[in-house]
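Peer 1: Below you'll find the structure I mean.
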Amino acid sequence: MIKGKFIDNLPKVYGIYTGGFLAFIILMAVLEQAGVSAKAIGIAFVAFTVGIYAIIGWLSRTLQVDAYYVAGRQVPTVFNGMATAADWMSGASFVAMAGGIYFKGYGYMALLVGWTGGYVLVASLLAPYLRKFGCYTVPDFIGTRYGGNLARLSAVLVLTVASFTYVTAQINATGTIASVALDIPFQVAVYVGLASILMCSLLGGMRAVTWTQVAQYIVLIIAYLLPVFWISNKMGAGFFPHLMLADEVARIAELEGQFGFVKNSAADLATVPKGLAGITKAHSSVNGTNWGFISLAICMMAGTASLPHVMMRYFTTPSVKSARRSVAWSLLFIFLLYSTAPMLATLSKLSLIDPNLATGIIGKSITDVQAIDWYQNWNQANLMFVSDFNGNGTLELNEFFMGGKAVVLATPEIAGLPYVISGLVAAGGMAAAMSTADGLVLAIANALSHDLYYKIIDPKAETAKRLIVARVLLVLIGFAGATIAALEIQGILGSVIWAFDFAMSGLFFPLVLGVWWKRANAQGAVAGMLLGLAAGTWYLIHVRTGGTPIWGVTQLTFGIIGSLVSLVSMVVVSLLTKAPDAKTMAMVDEVRIPSGKTVLGKQH
Amino acid sequence: MSKQEKHWEKTKGLLFITLAIWFVFSIGIFFFGTEMEASSFKPFGYPLSYYMTCQGSLLAFVILIFWFAGRQEKIDEEFGYTEREDD
């Protein structure tokens with residue numbers, strides 16, 4: 001059926017795959033009508049998709065260094081865009097973001113602006129130049145551009161801190177979904193998630209991750225868009241929700257005015273299970289300071305441009321030009337999901353709070369709500385809670401609590417969609433979390449194996465040994481991440497936002513100035529990375545332990561402080577010490593030319 | 001000025017324009033959150049502030065990067081910095 005090279009047949013291969021997946025959804029829908037249990041359908045969805053990723057991972061196994069680290073640098077533009085989109089959109093984007101918007105409204109939509117606007121920085125400041133450089137990892141660029149093991153080591157440190165914070169959140173997300181879909185305890189599900197993640201990356205490194213990520217993007221985008229369009233049409237809100245929900249947004253504002261945001265007493269709130277929240281902020285109105293919004297957007301944008309697992313995707317394209325184009329495609333694919341998230345939050349909120357809708361629960365009697373099937377299911381999963389604080393027997397807006405994850409996972413059920421859609425959403429969430437976790441675990445393991453082990457500890461190591469070290473590290477890091485995820489220290493969205501702040505604190509300016517400021521030297525870069533990371537971390541602890549915030553910077557935007565310290569120390573130290581030598585200057589000039597050989601050799 | 005310096009000057013010029021547009025849509029307009037909300041201009045009926053955060057700015061970024069990539073390719077071609085394998 002398929003002749004010739006795999007790369008030439010990509011559209012056909014993934015076309016067949018997409019058709020197969022749609023057929024699988026229809027088959028499940030038929031089975032549901034035939035009376036197969038919801039649980040079996042949930043298991044089938046997760047098992048089927050994860051099984052396919054594992055097969056792709058197996059088929060892409062490799063023993064070559066450049067295939068393992070950069071997929072042989074032959075990933076076509078559009079497919080790399082899809083892979084980046086999956087790499088990028090994590091459990092936080094898929095499972096948690098719509099929930100964040102549902103609860104915090106306008107203020108949290110800064111995440112949408114930040115997580116897309118950052119790509120402008122990636123495309124214009126970094127990706128093409130790092131591709132020209134020809135590095136395998138981000139510390140590889142820092143280490144070669146600035147020279148010296150200390151710079152390389154500092155970059156490895158920042159990368160590890162940021163990516164590790166991020167990866168625990170992703171393993172947490174895979175665990176949450178696996179535990180709901182497979183009906184197993186969370187602490188076990190976390191390791192099931194880990195095993196699936198490792199199956200995709202262990203044998204084939206970047207090459208395997210690339211081809212599974214494309215497959216995961218297709219699953220996650222179908223799983224996100226289909227329910228939103230369906231619910232919108234079912235509610236009669238409009239057949240194309242993105243352009244037609246203005247009335248619904250206005251209706252929510254009207255209901256908010258009618259119900260009011262009643263503040264609960266601390267004693268009442270203490271009875272609400274941990275992690276659940278009520279609606280306390282306006283949905284569409286500007287509900288915070290302008291600076292609060294802008295600072296969050298800035299942190300997410302600078303963080304985007306500093307997160308190594310994204311940057312490293314652009315090392316896999318065939319040329320500088322295709323790296324640039326690939327950023328544009330990535331953002332287009334990301335836009336499809338991000339523009340849908342606020343629509344999902346709107347539909348979800350309206351269907352719950354509008355008393356005129358059959359699904360609305362606000363204003364109903366508490367005992368009636370407690371008798372609803374889906375309420376009982378999600379209450380049992382510890383993601384939904386009602387309580388009659390004022391004792392009037394009726395459910396008020398301030399008496400209804402939900403977990404952030406429930407907005408995406410439970411809305412199809414609340415809106416009365418068949419269970420097959422819930423199974424699909426679980427598979428999509430799993431794909432989103434797995435694809436990002438894979439990119440992150442690989443970024444950390446590659447930095448440790450290539451930059452720490454091969455470049456610093458044992459430069460004479462043979463290819464086979466290097467790749468074994470890389471794989472052992474992959475497994476170790478995965479296990480460490482899963483162990484921490486099982487402790488459930490911070491929520492998914494919170495940890496992800498922290499990861500962006502860490503990356504921005506330590507890496508943003510050393511990366512950007514490495515290309516755009518020739519005078520930047522090793523001493524400056526080391527100062528920038530270490531002092532930036534230290535200042536950011538200090539500020540986070542300072543705010544967490546009840547310290548007074550500076551300039552309205554919160555624990556979600558500590559990257560502002562970190563990166564500012566990083567910039568100042570990098571410039572000052574660079575100017576106080578010797579300018580880089582002529583060879584380094586020539587290297588920077590070479591990086592700025594978009595054609596010709598890469599600065600680093602094909603095998604290094 | 002050498003060919004390479006000229007190329008870099010043009011590249012910097014494009015970067016400046018790109019970042020200026022980026023700044024407007026990612027930061028600039030959000031200094032006027034309440035003003036946008038009060039505006040009588042409502043794309044598809046949504047309040048302007050809401051529309052920009054959930055679609056408008058995002059779409060602007062997508063278009064901006066495609067435009068930027070195209071312009072940069074033109075600059076590269078002008079100075080002969082293109083690779084045959086690109087086409």
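Labels for the structure tokens follow display order: chains A, B, ..., residues from 1 in each chain, ligands from 1.
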Taking the backbone alone, and naming residues the way the document does, which bits of chain B are alpha helix (DSSP H) by DSSP, as a PyMOL selection string?

Peer 2: chain B and resi 3-26+33-38+48-51+57-78

Peer 1: Go ahead and save the residues from that selection, with C-alpha atoms, as a PDB file, in the first residue's frame.

Peer 2:
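Generated file (out06.pdb):
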ATOM      1  CA  LYS B   3      26.922  42.070   1.974  1.00  0.00           C
ATOM      2  CA  GLN B   4      26.586  40.325   5.294  1.00  0.00           C
ATOM      3  CA  GLU B   5      26.284  43.573   7.243  1.00  0.00           C
ATOM      4  CA  LYS B   6      23.580  44.832   4.897  1.00  0.00           C
ATOM      5  CA  HIS B   7      21.688  41.585   5.284  1.00  0.00           C
ATOM      6  CA  TRP B   8      21.873  41.883   9.054  1.00  0.00           C
ATOM      7  CA  GLU B   9      20.697  45.528   8.961  1.00  0.00           C
ATOM      8  CA  LYS B  10      17.615  44.524   6.986  1.00  0.00           C
ATOM      9  CA  THR B  11      17.007  41.561   9.268  1.00  0.00           C
ATOM     10  CA  LYS B  12      17.152  43.839  12.295  1.00  0.00           C
ATOM     11  CA  GLY B  13      14.728  46.248  10.646  1.00  0.00           C
ATOM     12  CA  LEU B  14      12.240  43.439  10.091  1.00  0.00           C
ATOM     13  CA  LEU B  15      12.703  42.253  13.673  1.00  0.00           C
ATOM     14  CA  PHE B  16      11.929  45.739  14.932  1.00  0.00           C
ATOM     15  CA  ILE B  17       8.670  45.979  12.962  1.00  0.00           C
ATOM     16  CA  THR B  18       7.659  42.447  13.972  1.00  0.00           C
ATOM     17  CA  LEU B  19       8.271  43.098  17.653  1.00  0.00           C
ATOM     18  CA  ALA B  20       6.429  46.430  17.486  1.00  0.00           C
ATOM     19  CA  ILE B  21       3.309  44.732  16.115  1.00  0.00           C
ATOM     20  CA  TRP B  22       3.741  41.940  18.643  1.00  0.00           C
ATOM     21  CA  PHE B  23       3.959  44.481  21.459  1.00  0.00           C
ATOM     22  CA  VAL B  24       0.733  46.194  20.428  1.00  0.00           C
ATOM     23  CA  PHE B  25      -1.291  42.981  20.393  1.00  0.00           C
ATOM     24  CA  SER B  26       0.259  41.245  23.387  1.00  0.00           C
ATOM     25  CA  GLY B  33      -8.876  46.647  29.247  1.00  0.00           C
ATOM     26  CA  THR B  34     -11.792  48.632  30.640  1.00  0.00           C
ATOM     27  CA  GLU B  35     -11.776  51.086  27.712  1.00  0.00           C
ATOM     28  CA  MET B  36     -11.946  48.178  25.263  1.00  0.00           C
ATOM     29  CA  GLU B  37     -14.801  46.662  27.239  1.00  0.00           C
ATOM     30  CA  ALA B  38     -16.750  49.928  27.084  1.00  0.00           C
ATOM     31  CA  LEU B  48     -13.842  43.997  22.466  1.00  0.00           C
ATOM     32  CA  SER B  49     -11.618  43.183  25.472  1.00  0.00           C
ATOM     33  CA  TYR B  50     -13.018  39.653  25.648  1.00  0.00           C
ATOM     34  CA  TYR B  51     -12.720  39.149  21.908  1.00  0.00           C
ATOM     35  CA  SER B  57      -4.653  38.819  19.478  1.00  0.00           C
ATOM     36  CA  LEU B  58      -4.106  35.100  18.918  1.00  0.00           C
ATOM     37  CA  LEU B  59      -5.109  35.408  15.297  1.00  0.00           C
ATOM     38  CA  ALA B  60      -2.902  38.478  14.914  1.00  0.00           C
ATOM     39  CA  PHE B  61       0.104  36.435  16.092  1.00  0.00           C
ATOM     40  CA  VAL B  62      -0.571  33.625  13.630  1.00  0.00           C
ATOM     41  CA  ILE B  63      -0.781  36.053  10.719  1.00  0.00           C
ATOM     42  CA  LEU B  64       2.222  38.007  11.993  1.00  0.00           C
ATOM     43  CA  ILE B  65       4.522  34.970  12.042  1.00  0.00           C
ATOM     44  CA  PHE B  66       3.512  33.831   8.558  1.00  0.00           C
ATOM     45  CA  TRP B  67       4.080  37.380   7.302  1.00  0.00           C
ATOM     46  CA  PHE B  68       7.413  37.623   9.124  1.00  0.00           C
ATOM     47  CA  ALA B  69       8.637  34.315   7.687  1.00  0.00           C
ATOM     48  CA  GLY B  70       7.711  35.427   4.177  1.00  0.00           C
ATOM     49  CA  ARG B  71       9.472  38.794   4.527  1.00  0.00           C
ATOM     50  CA  GLN B  72      12.596  37.238   5.985  1.00  0.00           C
ATOM     51  CA  GLU B  73      12.738  34.772   3.092  1.00  0.00           C
ATOM     52  CA  LYS B  74      12.591  37.712   0.671  1.00  0.00           C
ATOM     53  CA  ILE B  75      15.495  39.379   2.472  1.00  0.00           C
ATOM     54  CA  ASP B  76      17.497  36.158   2.424  1.00  0.00           C
ATOM     55  CA  GLU B  77      16.835  35.695  -1.297  1.00  0.00           C
ATOM     56  CA  GLU B  78      17.891  39.250  -2.038  1.00  0.00           C
TER      57      GLU B  78
END

Peer 1: Which polymer residues have any atom within 8 Å of an atom of Gly57 of chain A, counting only C-alpha atoms, with same-chain residues fewer than 5 positions away left out, as JSON, numbers by chain?

Peer 2: {"A": [199, 200, 201, 202, 203, 204, 208, 209, 211, 212]}

Peer 1: Can you list, as a ChimeraX atom specification, every protein, DNA or RNA residue that comes within 10 Å of segment 221-238 of chain A when you count only C-alpha atoms, leaving out same-chain residues fewer than 2 positions away?

Peer 2: /A:18,21-22,85-86,94-95,216-219,240-248,333-334,336-338,340-341,343-348,350-351,357-359,408,411-412,414-417,421-429,431-432

Peer 1: May I have a table of the residues of segment 86-154 of chain A lying at most 9 Å from segment 168-175 of chain A, giving each one's closest pair of atoms and their distance in Å to one decimal, counting only C-alpha atoms, ordered by chain and ascending residue number, as a tab-separated table?

Peer 2:
residue	atom	partner	partner_atom	distance
A:Ser90	CA	A:Gln170	CA	6.8
A:Gly91	CA	A:Ala173	CA	5.6
A:Ala92	CA	A:Gln170	CA	7.6
A:Val95	CA	A:Ala173	CA	7.8

Peer 1: At most 8 Å is the cut-off: for each residue in chain A with any atom that close to an atom of chain B, write down the nearest atom pair and the distance in Å rounded to one decimal, counting only C-alpha atoms, chain first then increasing number, as a Markdown table.

Peer 2:
| residue | atom | partner | partner_atom | distance |
| --- | --- | --- | --- | --- |
| A:Tyr106 | CA | B:Tyr50 | CA | 7.0 |
| A:Met109 | CA | B:Thr53 | CA | 6.1 |
| A:Ala110 | CA | B:Thr53 | CA | 6.8 |
| A:Leu112 | CA | B:Cys54 | CA | 6.7 |
| A:Val113 | CA | B:Thr53 | CA | 6.1 |
| A:Gly114 | CA | B:Ser26 | CA | 7.4 |
| A:Thr116 | CA | B:Leu58 | CA | 6.1 |
| A:Gly117 | CA | B:Phe61 | CA | 6.1 |
| A:Tyr119 | CA | B:Phe61 | CA | 7.8 |
| A:Val120 | CA | B:Ile65 | CA | 6.1 |
| A:Leu121 | CA | B:Leu19 | CA | 7.8 |
| A:Ala123 | CA | B:Ile65 | CA | 6.9 |
| A:Ser124 | CA | B:Leu15 | CA | 6.3 |
| A:Leu125 | CA | B:Leu15 | CA | 7.8 |
| A:Leu243 | CA | B:Phe44 | CA | 6.0 |
| A:Met244 | CA | B:Phe44 | CA | 6.9 |
| A:Leu245 | CA | B:Tyr46 | CA | 7.9 |
| A:Ala246 | CA | B:Tyr46 | CA | 4.9 |
| A:Asp247 | CA | B:Gly45 | CA | 7.6 |
| A:Val249 | CA | B:Tyr46 | CA | 7.5 |
| A:Ser284 | CA | B:Tyr50 | CA | 5.8 |
| A:Ser285 | CA | B:Glu37 | CA | 7.1 |
| A:Val286 | CA | B:Thr34 | CA | 6.1 |
| A:Asn290 | CA | B:Phe31 | CA | 5.4 |
| A:Trp291 | CA | B:Phe31 | CA | 7.3 |
| A:Phe293 | CA | B:Phe30 | CA | 7.5 |
| A:Ile294 | CA | B:Ile27 | CA | 5.9 |
| A:Ala297 | CA | B:Ser26 | CA | 7.4 |
| A:Ile298 | CA | B:Ile27 | CA | 7.7 |
| A:Ser319 | CA | B:Asp86 | CA | 6.9 |
| A:Lys321 | CA | B:Glu73 | CA | 7.1 |
| A:Ser322 | CA | B:Asp86 | CA | 7.4 |
| A:Arg324 | CA | B:Ala69 | CA | 6.0 |
| A:Arg325 | CA | B:Ala69 | CA | 6.0 |
| A:Val327 | CA | B:Ile65 | CA | 7.5 |
| A:Ala328 | CA | B:Ile65 | CA | 5.3 |
| A:Leu331 | CA | B:Val62 | CA | 6.0 |
| A:Leu332 | CA | B:Val62 | CA | 5.9 |
| A:Phe335 | CA | B:Leu58 | CA | 6.7 |
| A:Tyr338 | CA | B:Cys54 | CA | 7.7 |
| A:Ser339 | CA | B:Gln55 | CA | 5.6 |
| A:Pro342 | CA | B:Cys54 | CA | 6.5 |
| A:Arg592 | CA | B:Trp8 | CA | 7.3 |
| A:Ile593 | CA | B:Tyr81 | CA | 7.0 |
| A:Pro594 | CA | B:Tyr81 | CA | 6.1 |
| A:Ser595 | CA | B:Tyr81 | CA | 5.2 |
| A:Gly596 | CA | B:Glu83 | CA | 7.3 |

Peer 1: Can you work out the spacing between atom CA of Val386 of chain A and atom CA of Ile366 of chain A in Å, to one decimal?

Peer 2: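 One can read the atom CA of Val386 of chain A to atom CA of Ile366 of chain A distance as 7.5 Å.
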